[in-house]
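S.K.: Below are the structure tokens for one structure; questions will follow.
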Amino acid sequence: MSVRQSLLAILDQGPCYGYQLRAEFDRRTGSTWPLNVGQIYNTLDRLERDGLVEKGDVDEQGHVYWQITDAGSAEVQAWLDAPVERAQGTRDELAIKLAVAATLPGVDLGAVIQRQRSASLRQLQELNRAKYAGSNPDGPEELAWSLVVDSMIFAAEAETRWLDHTEQRLARHPHRTMGLELSTETPKRGRPAKSEASDTEAVVG
């Protein structure tokens, strides 16, 4: 999730002050990812540094209104036009935990998976029971909230399916794990050598 681009997109609708930006962000994301005011102002400072926003008028209450620049509007449009690229090699804590646990001698990986499945199913049930708490159940704020919750439901469902898949794969091994003892080889110092594919990609890029 890009807080930077989201705040820029809101400012592209008109000038806002810090607390107002936080409220608008909450309205447009179903309050699923609450931001503190410190995050808002840190982001605004960076956006100002990059020439994407600038300080504008100050009202009678002392609120400083931030407004977007032409460069900021262009970045908003570029963000909306471009697909979200999922970073390769993203460190998913659960995947790493099970991968490491599968190599540890004596670990009951089946029990680890069962506990995780129970937790994932509880989360899925809570998400399915969630109800919109706003005043207008058919308005745009409810739609924004439901889109975020639907995304979380699909992610939880995918996680439980992956756990089932993992359990089935491990069941094909005699001891359900393939324990790795600590290696006696001395690790080589320095970075791993680049593969030919990486070198080719670098040339093409």
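Letters for chains follow the order of the structure tokens (A, B, ...), residue numbers begin at 1 for each chain, and ligand numbers begin at 1 in the order shown.
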Per DSSP on the backbone, filter range 42-121 of chain A down to the residues in strand (DSSP E or B) and report them as a PyMOL selection string.

M.R.: chain A and resi 53-58+64-68

S.K.: Please return as a PyMOL selection string: the residues of chain A that backbone DSSP assigns to helix (DSSP H, G or I).

M.R.: chain A and resi 3-11+18-29+37-49+70-81+93-101+109-129+140-171+196-204

S.K.: Write out as an mmCIF file with C-alpha atoms, in the first residue's frame which residues come within 12 Å of Arg49 in chain A when counting only C-alpha atoms, dropping same-chain ones fewer than 6 positions away.

M.R.:
```cif
data_model
loop_
_atom_site.group_PDB
_atom_site.id
_atom_site.type_symbol
_atom_site.label_atom_id
_atom_site.label_comp_id
_atom_site.auth_asym_id
_atom_site.auth_seq_id
_atom_site.Cartn_x
_atom_site.Cartn_y
_atom_site.Cartn_z
ATOM 1 C CA ASN A 42 6.394 12.954 7.572
ATOM 2 C CA THR A 43 4.961 11.982 4.208
ATOM 3 C CA LYS A 55 2.107 24.712 1.745
ATOM 4 C CA THR A 69 1.694 20.857 -7.629
ATOM 5 C CA GLY A 72 2.243 15.937 -8.023
#
```

S.K.: Of the candidates A:Ala171, A:Leu52, A:Leu163, A:Val107, which one gets nearest to Leu8 in chain A if we count only C-alpha atoms?

M.R.: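 Closest to Leu8 in chain A of all the choices is A:Leu52.
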
S.K.: What does the distance between CA of Glu93 in chain A and CA of Gly38 in chain A come to in Å, to one decimal place?

M.R.: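 Going from CA of Glu93 in chain A over to CA of Gly38 in chain A covers 27.0 Å.
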
S.K.: Using only C-alpha atoms, which protein or nucleic acid residues come within 9 Å of Leu7 in chain A? Drop anything in the same chain fewer than 3 positions from it, and give the result as a count of residues only.

M.R.: 13
